[in-house]
$ cat query12.txt   # compact mmCIF, N, CA and C atoms
# COMPACT_ATOMS: atom_id res chain seq x y z
N MET A 244 5.69 -31.27 -11.56
CA MET A 244 5.48 -30.82 -10.19
C MET A 244 4.75 -29.47 -10.22
N SER A 245 3.69 -29.36 -9.46
CA SER A 245 2.93 -28.11 -9.45
C SER A 245 3.60 -27.09 -8.54
N ASN A 246 3.40 -25.83 -8.87
CA ASN A 246 3.96 -24.76 -8.04
C ASN A 246 3.20 -24.65 -6.73
N THR A 247 3.90 -24.34 -5.68
CA THR A 247 3.23 -24.04 -4.42
C THR A 247 2.78 -22.59 -4.43
N LEU A 248 1.95 -22.24 -3.47
CA LEU A 248 1.48 -20.86 -3.35
C LEU A 248 2.65 -19.89 -3.26
N PHE A 249 3.64 -20.22 -2.44
CA PHE A 249 4.77 -19.30 -2.26
C PHE A 249 5.66 -19.24 -3.49
N GLN A 250 5.73 -20.32 -4.26
CA GLN A 250 6.46 -20.27 -5.52
C GLN A 250 5.77 -19.31 -6.49
N LYS A 251 4.43 -19.35 -6.50
CA LYS A 251 3.68 -18.46 -7.37
C LYS A 251 3.86 -17.00 -6.95
N ILE A 252 3.90 -16.76 -5.64
CA ILE A 252 4.15 -15.40 -5.15
C ILE A 252 5.54 -14.93 -5.61
N ALA A 253 6.52 -15.82 -5.52
CA ALA A 253 7.88 -15.47 -5.97
C ALA A 253 7.89 -15.19 -7.47
N GLU A 254 7.13 -15.95 -8.24
CA GLU A 254 7.06 -15.72 -9.69
C GLU A 254 6.45 -14.34 -9.98
N VAL A 255 5.41 -13.98 -9.27
CA VAL A 255 4.79 -12.67 -9.46
C VAL A 255 5.79 -11.57 -9.11
N SER A 256 6.50 -11.76 -8.01
CA SER A 256 7.51 -10.78 -7.60
C SER A 256 8.55 -10.58 -8.69
N ALA A 257 9.05 -11.68 -9.25
CA ALA A 257 10.05 -11.59 -10.31
C ALA A 257 9.48 -10.94 -11.57
N ALA A 258 8.23 -11.25 -11.89
CA ALA A 258 7.62 -10.72 -13.10
C ALA A 258 7.34 -9.22 -12.99
N ILE A 259 6.96 -8.77 -11.80
CA ILE A 259 6.69 -7.33 -11.62
C ILE A 259 7.99 -6.56 -11.69
N GLY A 260 9.01 -7.05 -10.98
CA GLY A 260 10.28 -6.35 -10.96
C GLY A 260 10.15 -4.96 -10.35
N PRO A 261 11.15 -4.12 -10.55
CA PRO A 261 11.06 -2.75 -10.02
C PRO A 261 10.08 -1.93 -10.84
N LEU A 262 9.39 -1.03 -10.19
CA LEU A 262 8.47 -0.12 -10.87
C LEU A 262 8.92 1.31 -10.65
N ALA A 263 8.79 2.10 -11.68
CA ALA A 263 9.12 3.52 -11.56
C ALA A 263 7.92 4.27 -10.99
N ALA A 264 8.21 5.28 -10.23
CA ALA A 264 7.15 6.15 -9.71
C ALA A 264 6.39 6.76 -10.87
N ASP A 265 5.07 6.85 -10.71
CA ASP A 265 4.25 7.43 -11.77
C ASP A 265 3.45 8.64 -11.31
N LYS A 266 3.59 9.00 -10.04
CA LYS A 266 2.89 10.16 -9.48
C LYS A 266 3.86 10.98 -8.64
N ARG A 267 3.49 12.25 -8.41
CA ARG A 267 4.32 13.14 -7.58
C ARG A 267 3.43 13.87 -6.59
N ASN A 268 3.82 13.85 -5.34
CA ASN A 268 3.17 14.65 -4.31
C ASN A 268 3.78 16.04 -4.42
N GLN A 269 3.01 16.97 -4.95
CA GLN A 269 3.53 18.32 -5.19
C GLN A 269 3.76 19.08 -3.89
N GLN A 270 2.91 18.85 -2.90
CA GLN A 270 3.03 19.60 -1.65
C GLN A 270 4.28 19.19 -0.88
N GLN A 271 4.55 17.87 -0.79
CA GLN A 271 5.68 17.41 0.00
C GLN A 271 6.87 17.01 -0.87
N LYS A 272 6.76 17.16 -2.16
CA LYS A 272 7.86 17.01 -3.12
C LYS A 272 8.50 15.62 -3.12
N TYR A 273 7.67 14.57 -3.31
CA TYR A 273 8.25 13.24 -3.48
C TYR A 273 7.45 12.48 -4.53
N ASP A 274 8.14 11.55 -5.19
CA ASP A 274 7.51 10.71 -6.21
C ASP A 274 7.09 9.39 -5.56
N TYR A 275 6.04 8.78 -6.11
CA TYR A 275 5.57 7.52 -5.57
C TYR A 275 4.87 6.69 -6.64
N ILE A 276 4.70 5.41 -6.34
CA ILE A 276 3.94 4.51 -7.21
C ILE A 276 2.48 4.62 -6.81
N SER A 277 1.61 4.89 -7.77
CA SER A 277 0.19 5.02 -7.46
C SER A 277 -0.43 3.66 -7.16
N ALA A 278 -1.53 3.68 -6.42
CA ALA A 278 -2.28 2.45 -6.15
C ALA A 278 -2.74 1.83 -7.47
N ASP A 279 -3.19 2.66 -8.41
CA ASP A 279 -3.64 2.13 -9.70
C ASP A 279 -2.55 1.34 -10.40
N LYS A 280 -1.33 1.86 -10.38
CA LYS A 280 -0.24 1.19 -11.08
C LYS A 280 0.08 -0.16 -10.44
N ILE A 281 0.20 -0.20 -9.13
CA ILE A 281 0.55 -1.48 -8.48
C ILE A 281 -0.60 -2.47 -8.60
N LEU A 282 -1.84 -2.00 -8.48
CA LEU A 282 -2.98 -2.91 -8.61
C LEU A 282 -3.07 -3.47 -10.03
N GLU A 283 -2.85 -2.63 -11.03
CA GLU A 283 -2.91 -3.11 -12.41
C GLU A 283 -1.80 -4.11 -12.69
N ARG A 284 -0.58 -3.76 -12.31
CA ARG A 284 0.57 -4.63 -12.63
C ARG A 284 0.53 -5.92 -11.83
N ALA A 285 0.32 -5.82 -10.52
CA ALA A 285 0.25 -7.02 -9.69
C ALA A 285 -0.96 -7.86 -10.07
N GLY A 286 -2.09 -7.20 -10.33
CA GLY A 286 -3.29 -7.93 -10.69
C GLY A 286 -3.12 -8.77 -11.94
N ARG A 287 -2.47 -8.19 -12.93
CA ARG A 287 -2.24 -8.92 -14.19
C ARG A 287 -1.34 -10.13 -13.96
N GLU A 288 -0.24 -9.93 -13.23
CA GLU A 288 0.70 -11.03 -12.98
C GLU A 288 0.08 -12.11 -12.10
N MET A 289 -0.73 -11.70 -11.13
CA MET A 289 -1.41 -12.67 -10.27
C MET A 289 -2.42 -13.48 -11.10
N ALA A 290 -3.19 -12.81 -11.93
CA ALA A 290 -4.20 -13.50 -12.73
C ALA A 290 -3.56 -14.53 -13.66
N ASP A 291 -2.40 -14.19 -14.20
CA ASP A 291 -1.69 -15.11 -15.09
C ASP A 291 -1.30 -16.41 -14.37
N ARG A 292 -1.21 -16.35 -13.05
CA ARG A 292 -0.80 -17.52 -12.26
C ARG A 292 -1.93 -18.08 -11.39
N GLY A 293 -3.13 -17.56 -11.59
CA GLY A 293 -4.28 -18.05 -10.83
C GLY A 293 -4.26 -17.65 -9.37
N LEU A 294 -3.65 -16.50 -9.06
CA LEU A 294 -3.59 -16.01 -7.68
C LEU A 294 -4.60 -14.88 -7.47
N VAL A 295 -5.13 -14.82 -6.26
CA VAL A 295 -5.99 -13.70 -5.86
C VAL A 295 -5.60 -13.25 -4.46
N VAL A 296 -5.86 -11.98 -4.17
CA VAL A 296 -5.74 -11.46 -2.81
C VAL A 296 -7.15 -11.03 -2.41
N ILE A 297 -7.60 -11.57 -1.27
CA ILE A 297 -8.94 -11.25 -0.78
C ILE A 297 -8.77 -10.44 0.51
N PRO A 298 -9.00 -9.11 0.43
CA PRO A 298 -8.87 -8.27 1.63
C PRO A 298 -10.17 -8.29 2.43
N ALA A 299 -10.05 -8.52 3.72
CA ALA A 299 -11.21 -8.47 4.61
C ALA A 299 -10.90 -7.51 5.75
N ILE A 300 -11.75 -6.51 5.93
CA ILE A 300 -11.56 -5.57 7.04
C ILE A 300 -12.04 -6.24 8.32
N VAL A 301 -11.16 -6.29 9.31
CA VAL A 301 -11.52 -6.92 10.58
C VAL A 301 -11.71 -5.91 11.70
N ASP A 302 -11.21 -4.68 11.51
CA ASP A 302 -11.40 -3.64 12.52
C ASP A 302 -11.09 -2.28 11.88
N GLU A 303 -11.66 -1.24 12.48
CA GLU A 303 -11.38 0.12 12.03
C GLU A 303 -11.44 1.05 13.22
N VAL A 304 -10.62 2.08 13.17
CA VAL A 304 -10.61 3.11 14.20
C VAL A 304 -10.61 4.46 13.50
N ILE A 305 -11.57 5.32 13.88
CA ILE A 305 -11.66 6.66 13.30
C ILE A 305 -11.47 7.67 14.43
N ASP A 306 -10.48 8.53 14.29
CA ASP A 306 -10.24 9.60 15.26
C ASP A 306 -10.46 10.94 14.56
N SER A 307 -11.08 11.86 15.27
CA SER A 307 -11.19 13.22 14.74
C SER A 307 -10.30 14.12 15.60
N VAL A 308 -9.46 14.87 14.92
CA VAL A 308 -8.48 15.73 15.57
C VAL A 308 -8.81 17.17 15.22
N PRO A 309 -8.98 18.05 16.21
CA PRO A 309 -9.24 19.46 15.87
C PRO A 309 -8.13 20.00 14.97
N TRP A 310 -8.54 20.71 13.92
CA TRP A 310 -7.57 21.19 12.93
C TRP A 310 -8.07 22.51 12.37
N LYS A 311 -7.36 23.57 12.62
CA LYS A 311 -7.70 24.91 12.14
C LYS A 311 -9.18 25.19 12.34
N GLN A 312 -9.96 25.26 11.30
CA GLN A 312 -11.37 25.63 11.41
C GLN A 312 -12.30 24.41 11.50
N GLY A 313 -11.74 23.21 11.57
CA GLY A 313 -12.58 22.02 11.58
C GLY A 313 -11.86 20.84 12.20
N PHE A 314 -11.88 19.71 11.50
CA PHE A 314 -11.26 18.49 12.01
C PHE A 314 -10.43 17.82 10.92
N ARG A 315 -9.45 17.06 11.38
CA ARG A 315 -8.75 16.10 10.52
C ARG A 315 -9.21 14.74 10.99
N TYR A 316 -9.59 13.89 10.05
CA TYR A 316 -10.04 12.54 10.38
C TYR A 316 -8.92 11.56 10.07
N ASP A 317 -8.50 10.82 11.09
CA ASP A 317 -7.46 9.81 10.95
C ASP A 317 -8.10 8.44 11.12
N VAL A 318 -7.81 7.54 10.18
CA VAL A 318 -8.41 6.21 10.20
C VAL A 318 -7.32 5.15 10.13
N ARG A 319 -7.51 4.10 10.91
CA ARG A 319 -6.69 2.88 10.80
C ARG A 319 -7.66 1.75 10.51
N VAL A 320 -7.35 1.01 9.45
CA VAL A 320 -8.14 -0.15 9.07
C VAL A 320 -7.26 -1.38 9.20
N ASP A 321 -7.72 -2.37 9.96
CA ASP A 321 -7.00 -3.64 10.09
C ASP A 321 -7.61 -4.65 9.13
N PHE A 322 -6.75 -5.35 8.41
CA PHE A 322 -7.17 -6.32 7.41
C PHE A 322 -6.70 -7.72 7.79
N GLU A 323 -7.40 -8.70 7.26
CA GLU A 323 -6.85 -10.04 7.08
C GLU A 323 -6.79 -10.21 5.57
N MET A 324 -5.58 -10.30 5.05
CA MET A 324 -5.37 -10.44 3.62
C MET A 324 -5.14 -11.93 3.33
N THR A 325 -6.02 -12.51 2.56
CA THR A 325 -5.88 -13.92 2.19
C THR A 325 -5.35 -13.99 0.77
N VAL A 326 -4.25 -14.69 0.59
CA VAL A 326 -3.68 -14.94 -0.73
C VAL A 326 -4.03 -16.39 -1.06
N ALA A 327 -4.68 -16.59 -2.21
CA ALA A 327 -5.13 -17.93 -2.58
C ALA A 327 -4.83 -18.19 -4.04
N ASP A 328 -4.74 -19.47 -4.38
CA ASP A 328 -4.54 -19.84 -5.78
C ASP A 328 -5.65 -20.76 -6.26
N ALA A 329 -5.65 -21.04 -7.54
CA ALA A 329 -6.69 -21.85 -8.15
C ALA A 329 -6.63 -23.31 -7.72
N ASP A 330 -5.52 -23.73 -7.10
CA ASP A 330 -5.37 -25.11 -6.63
C ASP A 330 -5.92 -25.31 -5.22
N GLY A 331 -6.46 -24.24 -4.62
CA GLY A 331 -7.03 -24.36 -3.28
C GLY A 331 -6.06 -24.06 -2.15
N ASN A 332 -4.85 -23.63 -2.48
CA ASN A 332 -3.88 -23.24 -1.45
C ASN A 332 -4.18 -21.81 -1.01
N ASN A 333 -3.97 -21.51 0.26
CA ASN A 333 -4.15 -20.13 0.72
C ASN A 333 -3.33 -19.87 1.97
N ALA A 334 -3.08 -18.60 2.19
CA ALA A 334 -2.37 -18.13 3.39
C ALA A 334 -2.97 -16.79 3.78
N ALA A 335 -3.16 -16.57 5.07
CA ALA A 335 -3.75 -15.33 5.56
C ALA A 335 -2.70 -14.52 6.30
N PHE A 336 -2.73 -13.22 6.10
CA PHE A 336 -1.77 -12.30 6.70
C PHE A 336 -2.52 -11.12 7.32
N MET A 337 -2.12 -10.72 8.50
CA MET A 337 -2.68 -9.51 9.11
C MET A 337 -1.96 -8.30 8.52
N TRP A 338 -2.69 -7.23 8.30
CA TRP A 338 -2.13 -6.02 7.69
C TRP A 338 -2.97 -4.84 8.11
N PHE A 339 -2.48 -3.62 7.93
CA PHE A 339 -3.30 -2.45 8.23
C PHE A 339 -2.99 -1.34 7.24
N GLY A 340 -3.90 -0.39 7.18
CA GLY A 340 -3.71 0.80 6.36
C GLY A 340 -4.13 2.01 7.16
N ARG A 341 -3.55 3.15 6.82
CA ARG A 341 -3.90 4.41 7.48
C ARG A 341 -4.29 5.44 6.42
N GLY A 342 -5.20 6.33 6.81
CA GLY A 342 -5.60 7.40 5.92
C GLY A 342 -6.07 8.60 6.72
N SER A 343 -5.89 9.78 6.16
CA SER A 343 -6.35 11.03 6.78
C SER A 343 -7.05 11.87 5.75
N ASP A 344 -7.99 12.68 6.23
CA ASP A 344 -8.66 13.62 5.35
C ASP A 344 -9.15 14.79 6.19
N TYR A 345 -9.27 15.95 5.57
CA TYR A 345 -9.67 17.16 6.28
C TYR A 345 -11.13 17.53 6.05
N SER A 346 -11.88 16.72 5.31
CA SER A 346 -13.27 17.09 5.03
C SER A 346 -14.27 16.16 5.69
N VAL A 347 -14.19 14.85 5.38
CA VAL A 347 -15.17 13.91 5.92
C VAL A 347 -14.48 12.58 6.26
N PRO A 348 -15.01 11.86 7.24
CA PRO A 348 -14.35 10.60 7.65
C PRO A 348 -14.39 9.51 6.59
N ASP A 349 -15.41 9.48 5.72
CA ASP A 349 -15.45 8.39 4.75
C ASP A 349 -14.29 8.48 3.74
N LYS A 350 -13.84 9.69 3.41
CA LYS A 350 -12.69 9.81 2.52
C LYS A 350 -11.43 9.28 3.20
N ALA A 351 -11.27 9.55 4.50
CA ALA A 351 -10.13 9.01 5.24
C ALA A 351 -10.18 7.49 5.28
N MET A 352 -11.39 6.94 5.41
CA MET A 352 -11.56 5.49 5.42
C MET A 352 -11.12 4.88 4.10
N TYR A 353 -11.57 5.48 2.99
CA TYR A 353 -11.20 4.95 1.67
C TYR A 353 -9.70 5.08 1.40
N LYS A 354 -9.10 6.14 1.90
CA LYS A 354 -7.64 6.29 1.77
C LYS A 354 -6.92 5.19 2.55
N ALA A 355 -7.42 4.87 3.74
CA ALA A 355 -6.82 3.80 4.55
C ALA A 355 -6.96 2.45 3.86
N ILE A 356 -8.11 2.19 3.28
CA ILE A 356 -8.33 0.93 2.57
C ILE A 356 -7.41 0.84 1.35
N THR A 357 -7.35 1.92 0.57
CA THR A 357 -6.50 1.94 -0.63
C THR A 357 -5.03 1.78 -0.27
N SER A 358 -4.56 2.54 0.72
CA SER A 358 -3.13 2.45 1.07
C SER A 358 -2.81 1.10 1.67
N GLY A 359 -3.71 0.54 2.47
CA GLY A 359 -3.45 -0.77 3.04
C GLY A 359 -3.32 -1.84 1.97
N HIS A 360 -4.22 -1.83 1.01
CA HIS A 360 -4.18 -2.81 -0.08
C HIS A 360 -2.92 -2.62 -0.93
N LYS A 361 -2.65 -1.37 -1.28
CA LYS A 361 -1.47 -1.06 -2.10
C LYS A 361 -0.18 -1.53 -1.43
N TYR A 362 0.03 -1.13 -0.18
CA TYR A 362 1.29 -1.47 0.47
C TYR A 362 1.39 -2.95 0.82
N PHE A 363 0.26 -3.62 1.03
CA PHE A 363 0.32 -5.08 1.20
C PHE A 363 0.89 -5.72 -0.06
N LEU A 364 0.35 -5.35 -1.21
CA LEU A 364 0.85 -5.91 -2.47
C LEU A 364 2.31 -5.55 -2.70
N MET A 365 2.67 -4.31 -2.41
CA MET A 365 4.06 -3.90 -2.62
C MET A 365 5.02 -4.70 -1.74
N LYS A 366 4.65 -4.97 -0.51
CA LYS A 366 5.52 -5.73 0.39
C LYS A 366 5.48 -7.22 0.06
N LEU A 367 4.30 -7.74 -0.27
CA LEU A 367 4.19 -9.16 -0.62
C LEU A 367 5.07 -9.49 -1.82
N PHE A 368 5.08 -8.59 -2.81
CA PHE A 368 5.81 -8.84 -4.04
C PHE A 368 7.14 -8.08 -4.13
N ASN A 369 7.59 -7.50 -3.02
CA ASN A 369 8.90 -6.83 -2.96
C ASN A 369 9.06 -5.74 -4.01
N VAL A 370 8.03 -4.93 -4.16
CA VAL A 370 8.06 -3.83 -5.13
C VAL A 370 8.53 -2.58 -4.42
N GLY A 371 9.48 -1.90 -4.99
CA GLY A 371 9.95 -0.65 -4.42
C GLY A 371 10.28 0.34 -5.52
N VAL A 372 10.54 1.56 -5.08
CA VAL A 372 10.95 2.60 -6.02
C VAL A 372 11.95 3.51 -5.31
N GLY A 373 13.13 3.55 -5.81
CA GLY A 373 14.14 4.50 -5.35
C GLY A 373 14.16 4.78 -3.87
N ASN A 374 14.08 6.05 -3.54
CA ASN A 374 14.26 6.54 -2.18
C ASN A 374 12.95 7.10 -1.63
N GLU A 375 11.86 6.34 -1.78
CA GLU A 375 10.54 6.84 -1.44
C GLU A 375 10.42 7.32 -0.01
N ASP A 376 11.03 6.60 0.93
CA ASP A 376 10.83 6.96 2.34
C ASP A 376 11.93 7.85 2.89
N GLY A 377 12.90 8.23 2.08
CA GLY A 377 13.93 9.16 2.52
C GLY A 377 14.98 8.58 3.44
N GLU A 378 14.96 7.26 3.64
CA GLU A 378 15.91 6.69 4.60
C GLU A 378 17.36 6.76 4.14
N HIS A 379 17.58 6.99 2.84
CA HIS A 379 18.94 7.04 2.34
C HIS A 379 19.38 8.45 1.95
N GLU A 380 18.65 9.44 2.44
CA GLU A 380 19.02 10.81 2.12
C GLU A 380 20.38 11.15 2.71
N THR A 381 21.11 11.94 1.98
CA THR A 381 22.43 12.37 2.45
C THR A 381 22.26 13.54 3.40
N PRO A 382 22.83 13.47 4.61
CA PRO A 382 22.72 14.61 5.52
C PRO A 382 23.45 15.83 4.96
N PRO A 383 23.00 17.03 5.31
CA PRO A 383 23.69 18.22 4.80
C PRO A 383 25.14 18.26 5.29
N GLN A 384 26.01 18.70 4.40
CA GLN A 384 27.43 18.81 4.74
C GLN A 384 27.69 20.15 5.40
N ASN A 385 28.60 20.17 6.35
CA ASN A 385 28.97 21.43 6.99
C ASN A 385 29.67 22.32 5.97
N GLN A 386 29.20 23.52 5.89
CA GLN A 386 29.79 24.48 4.96
C GLN A 386 30.70 25.41 5.75
N ALA A 387 31.94 25.56 5.34
CA ALA A 387 32.89 26.41 6.05
C ALA A 387 32.83 27.83 5.57
$ encode --input "query12.txt" --output "structure tokens"
Amino acid sequence: MSNTLFQKIAEVSAAIGPLAADKRNQQQKYDYISADKILERAGREMADRGLVVIPAIVDEVIDSVPWKQGFRYDVRVDFEMTVADADGNNAAFMWFGRGSDYSVPDKAMYKAITSGHKYFLMKLFNVGVGNEDGEHETPPQNQA
């Protein structure tokens, strides 16, 4: 019996398993998984099973926000992410990415594309790392 597309996605998820953070945001003091790490690991496991993800940008929005002596550029990129296998099975998913930059809009655009692709793969394959989003932080205790 051949694997279905979703069985192959589940296999990739199991093969990737948990990943440790490999980068640190020094300014905001948190660790994260880099786009390079998730793309390399997911890409290898997907290739082993004949899976591909085809990202297609379907819309983009660029806003410029006054910021100190210039502008901050905020971008939202909407994707249709198609997951396909070598057997001709495919499924399309809507997704988006966001990016900001303080110098030029094209850097914000590339950040939005990179983050959108990275987080799509992380969510598709259930990849996480510790307490990345801070939702499990312990509130400060009252000191007497």
$ residues_near_point --input "query12.txt" --point "(-12.8, 12.6, 9.7)" --cutoff "9 Å" --atoms "only C-alpha atoms" --output "compact mmCIF listing (two decimals) with N, CA and C atoms, keeping the file's coordinate frame"
# COMPACT_ATOMS: atom_id res chain seq x y z
N ILE A 305 -11.57 5.32 13.88
CA ILE A 305 -11.66 6.66 13.30
C ILE A 305 -11.47 7.67 14.43
N ASP A 306 -10.48 8.53 14.29
CA ASP A 306 -10.24 9.60 15.26
C ASP A 306 -10.46 10.94 14.56
N SER A 307 -11.08 11.86 15.27
CA SER A 307 -11.19 13.22 14.74
C SER A 307 -10.30 14.12 15.60
N VAL A 308 -9.46 14.87 14.92
CA VAL A 308 -8.48 15.73 15.57
C VAL A 308 -8.81 17.17 15.22
N PHE A 314 -11.88 19.71 11.50
CA PHE A 314 -11.26 18.49 12.01
C PHE A 314 -10.43 17.82 10.92
N ARG A 315 -9.45 17.06 11.38
CA ARG A 315 -8.75 16.10 10.52
C ARG A 315 -9.21 14.74 10.99
N TYR A 316 -9.59 13.89 10.05
CA TYR A 316 -10.04 12.54 10.38
C TYR A 316 -8.92 11.56 10.07
N ASP A 317 -8.50 10.82 11.09
CA ASP A 317 -7.46 9.81 10.95
C ASP A 317 -8.10 8.44 11.12
N VAL A 318 -7.81 7.54 10.18
CA VAL A 318 -8.41 6.21 10.20
C VAL A 318 -7.32 5.15 10.13
N SER A 343 -5.89 9.78 6.16
CA SER A 343 -6.35 11.03 6.78
C SER A 343 -7.05 11.87 5.75
N ASP A 344 -7.99 12.68 6.23
CA ASP A 344 -8.66 13.62 5.35
C ASP A 344 -9.15 14.79 6.19
N TYR A 345 -9.27 15.95 5.57
CA TYR A 345 -9.67 17.16 6.28
C TYR A 345 -11.13 17.53 6.05
N SER A 346 -11.88 16.72 5.31
CA SER A 346 -13.27 17.09 5.03
C SER A 346 -14.27 16.16 5.69
N VAL A 347 -14.19 14.85 5.38
CA VAL A 347 -15.17 13.91 5.92
C VAL A 347 -14.48 12.58 6.26
N PRO A 348 -15.01 11.86 7.24
CA PRO A 348 -14.35 10.60 7.65
C PRO A 348 -14.39 9.51 6.59
N ASP A 349 -15.41 9.48 5.72
CA ASP A 349 -15.45 8.39 4.75
C ASP A 349 -14.29 8.48 3.74
N LYS A 350 -13.84 9.69 3.41
CA LYS A 350 -12.69 9.81 2.52
C LYS A 350 -11.43 9.28 3.20
N ALA A 351 -11.27 9.55 4.50
CA ALA A 351 -10.13 9.01 5.24
C ALA A 351 -10.18 7.49 5.28
N MET A 352 -11.39 6.94 5.41
CA MET A 352 -11.56 5.49 5.42
C MET A 352 -11.12 4.88 4.10
$ closest_residue --input "query12.txt" --among "A:Glu303, A:Lys354, A:Leu364, A:Ala257" --to "A:Glu283" --atoms "only C-alpha atoms"
A:Leu364
$ residues_around --input "query12.txt" --residues "A:Ser256" --least-positions-apart "6" --cutoff "7 Å" --atoms "all atoms listed in the file" --output "JSON, numbers by chain"
{"A": [367, 368, 369, 370]}
$ select_by_dssp --input "query12.txt" --residues "chain A" --states "strand (DSSP E or B)" --output "ChimeraX atom specification"
/A:266-268,273-275,294-310,313-328,333-344
$ residues_around --input "query12.txt" --residues "stretch 284-289 of chain A" --least-positions-apart "2" --cutoff "12 Å" --atoms "only C-alpha atoms" --output "VMD selection string"
chain A and resid 248 250 to 263 276 to 282 291 to 297 326 to 329 360 to 370
$ atom_distance --input "query12.txt" --atom1 "atom N of A:Lys311" --atom2 "atom N of A:Gly359"
25.4 Å
$ atom_distance --input "query12.txt" --atom1 "atom C of A:Phe336" --atom2 "atom N of A:Ala355"
17.1 Å
$ select_by_dssp --input "query12.txt" --residues "stretch 256-366 of chain A" --states "alpha helix (DSSP H)" --output "PyMOL selection string"
chain A and resi 256-259+278-291+348-366
$ atom_distance --input "query12.txt" --atom1 "atom C of A:Gly342" --atom2 "atom CA of A:Asp321"
12.7 Å
$ closest_residue --input "query12.txt" --among "A:Arg319, A:Thr247, A:Thr325, A:Asp274" --to "A:Ala299" --atoms "only N, CA and C atoms"
A:Thr325
$ axis_aligned_box --input "query12.txt" --around "stretch 351-365 of chain A" --padding-each-side "6 Å" --output "AutoDock Vina command-line options"
--center_x -3.3 --center_y 1.8 --center_z 1.4 --size_x 28.6 --size_y 27.5 --size_z 20.1
$ decode --input "query12.txt" --residues "stretch 276-290 of chain A" --atoms "N, CA and C atoms" --output "PDB file, in the first residue's frame"
ATOM      1  N   ILE A 276      14.868  28.937  16.408  1.00  0.00           N
ATOM      2  CA  ILE A 276      15.359  28.083  15.332  1.00  0.00           C
ATOM      3  C   ILE A 276      15.486  28.949  14.087  1.00  0.00           C
ATOM      4  N   SER A 277      16.656  28.935  13.472  1.00  0.00           N
ATOM      5  CA  SER A 277      16.863  29.746  12.276  1.00  0.00           C
ATOM      6  C   SER A 277      16.125  29.155  11.079  1.00  0.00           C
ATOM      7  N   ALA A 278      15.831  30.014  10.110  1.00  0.00           N
ATOM      8  CA  ALA A 278      15.212  29.550   8.859  1.00  0.00           C
ATOM      9  C   ALA A 278      16.124  28.535   8.181  1.00  0.00           C
ATOM     10  N   ASP A 279      17.436  28.772   8.198  1.00  0.00           N
ATOM     11  CA  ASP A 279      18.362  27.832   7.570  1.00  0.00           C
ATOM     12  C   ASP A 279      18.248  26.438   8.171  1.00  0.00           C
ATOM     13  N   LYS A 280      18.138  26.365   9.487  1.00  0.00           N
ATOM     14  CA  LYS A 280      18.081  25.060  10.142  1.00  0.00           C
ATOM     15  C   LYS A 280      16.801  24.318   9.779  1.00  0.00           C
ATOM     16  N   ILE A 281      15.666  24.983   9.840  1.00  0.00           N
ATOM     17  CA  ILE A 281      14.405  24.286   9.531  1.00  0.00           C
ATOM     18  C   ILE A 281      14.342  23.930   8.048  1.00  0.00           C
ATOM     19  N   LEU A 282      14.825  24.820   7.177  1.00  0.00           N
ATOM     20  CA  LEU A 282      14.802  24.507   5.748  1.00  0.00           C
ATOM     21  C   LEU A 282      15.720  23.333   5.420  1.00  0.00           C
ATOM     22  N   GLU A 283      16.895  23.297   6.036  1.00  0.00           N
ATOM     23  CA  GLU A 283      17.818  22.189   5.777  1.00  0.00           C
ATOM     24  C   GLU A 283      17.240  20.877   6.286  1.00  0.00           C
ATOM     25  N   ARG A 284      16.761  20.875   7.524  1.00  0.00           N
ATOM     26  CA  ARG A 284      16.276  19.623   8.126  1.00  0.00           C
ATOM     27  C   ARG A 284      14.988  19.149   7.466  1.00  0.00           C
ATOM     28  N   ALA A 285      14.018  20.044   7.301  1.00  0.00           N
ATOM     29  CA  ALA A 285      12.757  19.662   6.664  1.00  0.00           C
ATOM     30  C   ALA A 285      13.003  19.297   5.205  1.00  0.00           C
ATOM     31  N   GLY A 286      13.853  20.064   4.530  1.00  0.00           N
ATOM     32  CA  GLY A 286      14.133  19.784   3.125  1.00  0.00           C
ATOM     33  C   GLY A 286      14.705  18.400   2.904  1.00  0.00           C
ATOM     34  N   ARG A 287      15.623  18.015   3.764  1.00  0.00           N
ATOM     35  CA  ARG A 287      16.237  16.680   3.648  1.00  0.00           C
ATOM     36  C   ARG A 287      15.195  15.581   3.861  1.00  0.00           C
ATOM     37  N   GLU A 288      14.392  15.724   4.915  1.00  0.00           N
ATOM     38  CA  GLU A 288      13.378  14.697   5.213  1.00  0.00           C
ATOM     39  C   GLU A 288      12.293  14.645   4.142  1.00  0.00           C
ATOM     40  N   MET A 289      11.925  15.810   3.607  1.00  0.00           N
ATOM     41  CA  MET A 289      10.933  15.842   2.534  1.00  0.00           C
ATOM     42  C   MET A 289      11.496  15.174   1.276  1.00  0.00           C
ATOM     43  N   ALA A 290      12.723  15.483   0.923  1.00  0.00           N
ATOM     44  CA  ALA A 290      13.331  14.905  -0.277  1.00  0.00           C
ATOM     45  C   ALA A 290      13.408  13.388  -0.180  1.00  0.00           C
TER      46      ALA A 290
END
